[in-house]
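Participant: First, the structure itself, so that you have it in front of you.
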Amino acid sequence: PVEPVLSGKRILITAGPTVEAIDPVRAITNFSTGKMGYAVAQAAQAMGAEVTLVSGPTALATPLGVKRINVTSAGEMLNAVMQHIEEQQVFIAVAAVADYRPTTPQLHKIKKQQQALMLTLEPCPDILAKVATLPKPPFCVGFAAESENVLEYAAQKRLAKQLPLIAANLVSIAMGGDDTQLTLIDDQGQHALAAGSKLASAHLLLQHIAAMLAENR
Ligand code: C5P
């Protein structure tokens, strides 16, 4: 039995990778499976929240009771998030949004050549940073997956994106697997959570969020 500590809360979650078209048959993406974001969505729903999940392409089933909006690119993810952000109390950005996208996706398939091919990339919009700096932002939570110096980078990201809370984890443990270990960083410092399944970790994260909301932090 899960206590409904998030009942009445509307929570928007992003999950999965984004896919940025190079041409009609090729794209830039990453190895995110969406498992962590889907676990957060499932746990939030179980804790009584009304959950909207904006998801990049994944092979995962939609958690029961969760409203899912499918997107492909970072641009589409940003639009879907902005369309629904106003009514949300909490925004949790778990998606592995591509950092760069081709500046001008080609309308026709690029033909194979003998010489090197140059692609010009531009930064994708930072969805979380945009939401966190809205005039009346929801409670914003970021994820930081790093391959080294996790806690240091995560703490920097929390400040740079103006987030009350960020969850840090090691790519080597988390990526693709069913288990993870999160360290939460907030205004009071670091909180290392127990290692375990992504679903169990999601429950611990959401307990922490519920406590911060209750304390108005
Ligand atoms: O990519 P980065 O390490 O900066 O991601 C940190 C957080 O920001 C994650 O929560 C991720 O979902 C979010 N993010 C985003 N839009 C981006 C890049 C990251 O919402 N373009």
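Naming scheme: A, B, ... for chains in displayed order of the structure tokens; residues 1 onward per chain; ligands 1 onward as shown.
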Can you work out which residues are within 8 Å of ligand 1, considering only C-alpha atoms and all ligand atoms, and then hand them over as a list of chain:residue names?

Facilitator: A:Thr14, A:Ala15, A:Ala74, A:Ile92, A:Ala93, A:Val94, A:Ala95, A:Ala96, A:Val97, A:Ala98, A:Asp99, A:Pro123, A:Cys124, A:Pro125, A:Asp126, A:Ile127, A:Leu128, A:Ala129, A:Val141, A:Gly142, A:Phe143, A:Ala144, A:Ala145, A:Glu146, A:Ala154, A:Lys157, A:Lys161, A:Ile166

Participant: Pull N, CA and C atoms from the residues just selected and write them as an mmCIF file, in the first residue's frame.

Facilitator:
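Output contents, as saved in out34.cif:
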data_model
loop_
_atom_site.group_PDB
_atom_site.id
_atom_site.type_symbol
_atom_site.label_atom_id
_atom_site.label_comp_id
_atom_site.auth_asym_id
_atom_site.auth_seq_id
_atom_site.Cartn_x
_atom_site.Cartn_y
_atom_site.Cartn_z
ATOM 1 N N THR A 14 8.917 14.424 -18.282
ATOM 2 C CA THR A 14 9.463 14.065 -19.602
ATOM 3 C C THR A 14 10.306 12.812 -19.451
ATOM 4 N N ALA A 15 10.326 12.002 -20.503
ATOM 5 C CA ALA A 15 11.058 10.730 -20.427
ATOM 6 C C ALA A 15 11.573 10.321 -21.796
ATOM 7 N N ALA A 74 13.386 17.278 -29.779
ATOM 8 C CA ALA A 74 13.424 18.218 -28.654
ATOM 9 C C ALA A 74 12.435 19.364 -28.873
ATOM 10 N N ILE A 92 8.981 17.304 -13.673
ATOM 11 C CA ILE A 92 10.172 16.474 -13.464
ATOM 12 C C ILE A 92 10.741 16.127 -14.837
ATOM 13 N N ALA A 93 11.930 16.644 -15.140
ATOM 14 C CA ALA A 93 12.539 16.440 -16.455
ATOM 15 C C ALA A 93 13.488 15.252 -16.376
ATOM 16 N N VAL A 94 13.027 14.117 -16.864
ATOM 17 C CA VAL A 94 13.857 12.916 -16.838
ATOM 18 C C VAL A 94 14.382 12.599 -18.238
ATOM 19 N N ALA A 95 13.794 13.231 -19.246
ATOM 20 C CA ALA A 95 14.184 12.928 -20.628
ATOM 21 C C ALA A 95 15.659 13.209 -20.879
ATOM 22 N N ALA A 96 16.258 12.380 -21.721
ATOM 23 C CA ALA A 96 17.610 12.628 -22.216
ATOM 24 C C ALA A 96 17.458 13.398 -23.527
ATOM 25 N N VAL A 97 17.221 14.683 -23.388
ATOM 26 C CA VAL A 97 17.031 15.530 -24.567
ATOM 27 C C VAL A 97 18.373 15.646 -25.295
ATOM 28 N N ALA A 98 18.343 15.508 -26.600
ATOM 29 C CA ALA A 98 19.591 15.665 -27.365
ATOM 30 C C ALA A 98 20.178 17.043 -27.091
ATOM 31 N N ASP A 99 21.487 17.124 -26.980
ATOM 32 C CA ASP A 99 22.122 18.425 -26.751
ATOM 33 C C ASP A 99 22.206 19.221 -28.048
ATOM 34 N N PRO A 123 22.579 23.904 -30.747
ATOM 35 C CA PRO A 123 22.072 23.402 -29.474
ATOM 36 C C PRO A 123 20.553 23.262 -29.516
ATOM 37 N N CYS A 124 20.027 22.215 -28.875
ATOM 38 C CA CYS A 124 18.573 22.075 -28.728
ATOM 39 C C CYS A 124 18.112 23.010 -27.615
ATOM 40 N N PRO A 125 16.837 23.398 -27.637
ATOM 41 C CA PRO A 125 16.320 24.215 -26.531
ATOM 42 C C PRO A 125 16.416 23.440 -25.222
ATOM 43 N N ASP A 126 16.769 24.131 -24.143
ATOM 44 C CA ASP A 126 16.803 23.498 -22.823
ATOM 45 C C ASP A 126 15.417 23.619 -22.193
ATOM 46 N N ILE A 127 14.659 22.524 -22.259
ATOM 47 C CA ILE A 127 13.258 22.537 -21.843
ATOM 48 C C ILE A 127 13.140 22.857 -20.353
ATOM 49 N N LEU A 128 13.949 22.176 -19.562
ATOM 50 C CA LEU A 128 13.885 22.372 -18.110
ATOM 51 C C LEU A 128 14.245 23.810 -17.725
ATOM 52 N N ALA A 129 15.293 24.353 -18.323
ATOM 53 C CA ALA A 129 15.699 25.730 -17.995
ATOM 54 C C ALA A 129 14.590 26.710 -18.365
ATOM 55 N N VAL A 141 12.142 19.752 -11.073
ATOM 56 C CA VAL A 141 13.134 18.756 -10.675
ATOM 57 C C VAL A 141 13.914 18.314 -11.910
ATOM 58 N N GLY A 142 15.243 18.336 -11.808
ATOM 59 C CA GLY A 142 16.089 17.896 -12.903
ATOM 60 C C GLY A 142 16.735 16.561 -12.605
ATOM 61 N N PHE A 143 17.225 15.931 -13.647
ATOM 62 C CA PHE A 143 18.042 14.724 -13.523
ATOM 63 C C PHE A 143 19.408 15.028 -14.112
ATOM 64 N N ALA A 144 20.445 14.530 -13.500
ATOM 65 C CA ALA A 144 21.783 14.675 -14.058
ATOM 66 C C ALA A 144 22.410 13.300 -14.120
ATOM 67 N N ALA A 145 22.599 12.808 -15.328
ATOM 68 C CA ALA A 145 23.289 11.530 -15.531
ATOM 69 C C ALA A 145 24.669 11.860 -16.064
ATOM 70 N N GLU A 146 25.679 11.439 -15.357
ATOM 71 C CA GLU A 146 27.051 11.771 -15.749
ATOM 72 C C GLU A 146 27.891 10.509 -15.696
ATOM 73 N N ALA A 154 26.174 17.841 -11.010
ATOM 74 C CA ALA A 154 24.745 17.957 -10.690
ATOM 75 C C ALA A 154 24.486 19.221 -9.874
ATOM 76 N N LYS A 157 24.569 22.119 -12.154
ATOM 77 C CA LYS A 157 23.360 22.180 -12.989
ATOM 78 C C LYS A 157 22.163 22.709 -12.226
ATOM 79 N N LYS A 161 20.370 25.986 -13.689
ATOM 80 C CA LYS A 161 18.996 25.916 -14.189
ATOM 81 C C LYS A 161 17.988 26.411 -13.152
ATOM 82 N N ILE A 166 17.629 18.469 -7.705
ATOM 83 C CA ILE A 166 18.138 17.695 -8.835
ATOM 84 C C ILE A 166 18.498 16.299 -8.339
#

Participant: Near His208 of chain A, counting only C-alpha atoms, which residues have an atom at most 9 Å away, once you skip same-chain residues fewer than 5 positions from it, shown as a ChimeraX atom specification?

Facilitator: /A:184,203,213

Participant: Would you save the residues of that selection, restricted to C-alpha atoms, as an mmCIF file, in the first residue's frame?

Facilitator:
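Now in again27.cif:
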data_model
loop_
_atom_site.group_PDB
_atom_site.id
_atom_site.type_symbol
_atom_site.label_atom_id
_atom_site.label_comp_id
_atom_site.auth_asym_id
_atom_site.auth_seq_id
_atom_site.Cartn_x
_atom_site.Cartn_y
_atom_site.Cartn_z
ATOM 1 C CA LEU A 184 19.299 14.195 -4.384
ATOM 2 C CA HIS A 203 9.179 6.374 -4.889
ATOM 3 C CA LEU A 213 6.184 20.759 -1.256
#

Participant: Using DSSP on the backbone coordinates, identify the residues of segment 48-126 of chain A assigned to strand (DSSP E); present them as a ChimeraX atom specification.

Facilitator: /A:50-55,67-70,90-93,100-102,121-123

Participant: For the atom pair atom CA of Thr18 of chain A and atom CA of Ala59 of chain A, what is the interatomic distance in Å to one decimal place?

Facilitator: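 About the pair atom CA of Thr18 of chain A and atom CA of Ala59 of chain A: they are 13.4 Å apart.
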
Participant: Pick from A:Gln42, A:Thr133, A:Ser172, A:Thr58: nearest to Glu148 of chain A, with only C-alpha atoms counted?

Facilitator: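 That would be A:Ser172, the residue with the smallest distance to Glu148 of chain A.
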
Participant: Counting only C-alpha atoms, figure out which residue out of A:Lys9, A:Lys35, A:Lys136, A:Arg101 gets nearest to Leu60 of chain A.

Facilitator: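 Residue with the minimum atom-to-atom distance to Leu60 of chain A: A:Lys35.
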
Participant: Excluding Asn149 of chain A and residues on its chain fewer than 4 positions from it, collect all residues at most 12 Å away from it, counting only C-alpha atoms, and give them as a PyMOL selection string.

Facilitator: chain A and resi 144-145+153-156+168-171

Participant: Could you give me, as a tab-separated table (two decimals) with N, CA and C atoms, in the first residue's frame, the residues within 9 Å of Thr29 of chain A, counting only C-alpha atoms and dropping anything in the same chain fewer than 2 positions from it?

Facilitator:
chain	number	residue	atom	x	y	z
A	17	PRO	N	14.51	9.30	-24.89
A	17	PRO	CA	15.44	10.09	-25.70
A	17	PRO	C	14.66	11.06	-26.59
A	18	THR	N	15.34	11.97	-27.23
A	18	THR	CA	14.74	12.65	-28.37
A	18	THR	C	15.52	12.23	-29.61
A	19	VAL	N	14.87	12.37	-30.76
A	19	VAL	CA	15.45	11.96	-32.04
A	19	VAL	C	15.43	13.18	-32.96
A	20	GLU	N	16.61	13.56	-33.43
A	20	GLU	CA	16.75	14.78	-34.23
A	20	GLU	C	17.11	14.40	-35.65
A	21	ALA	N	16.22	14.72	-36.59
A	21	ALA	CA	16.40	14.27	-37.98
A	21	ALA	C	17.60	14.94	-38.65
A	27	ALA	N	19.07	10.05	-38.27
A	27	ALA	CA	18.82	10.92	-37.11
A	27	ALA	C	19.94	10.82	-36.10
A	31	PHE	N	21.16	6.74	-26.08
A	31	PHE	CA	20.82	5.38	-25.62
A	31	PHE	C	19.75	5.34	-24.53
A	32	SER	N	19.10	6.47	-24.23
A	32	SER	CA	18.08	6.45	-23.18
A	32	SER	C	16.95	5.48	-23.54
A	97	VAL	N	17.22	14.68	-23.39
A	97	VAL	CA	17.03	15.53	-24.57
A	97	VAL	C	18.37	15.65	-25.29
A	98	ALA	N	18.34	15.51	-26.60
A	98	ALA	CA	19.59	15.66	-27.37
A	98	ALA	C	20.18	17.04	-27.09

Participant: Find the distance between atom CA of Ala43 of chain A and atom CA of Leu205 of chain A and write it in Å to one decimal.

Facilitator: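 For atom CA of Ala43 of chain A relative to atom CA of Leu205 of chain A, the distance reads 9.5 Å.
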
Participant: Name the residues in contact with Asn216 of chain A at a cut-off of 12 Å, using only C-alpha atoms, excluding same-chain residues fewer than 4 positions from it; report them as a list in words.

Facilitator: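 That gives Gln89, Pro138, Phe139, Pro164, Ile209, Ala210, Ala211 and Met212 of chain A.
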
Participant: Which residue out of A:Ser73, A:Ser7, A:Thr103, A:Gln83 has the minimum interatomic distance to Ser55 of chain A when only C-alpha atoms are used?

Facilitator: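 Of A:Ser73, A:Ser7, A:Thr103, A:Gln83, the one nearest Ser55 of chain A is A:Ser73, counting only C-alpha atoms.
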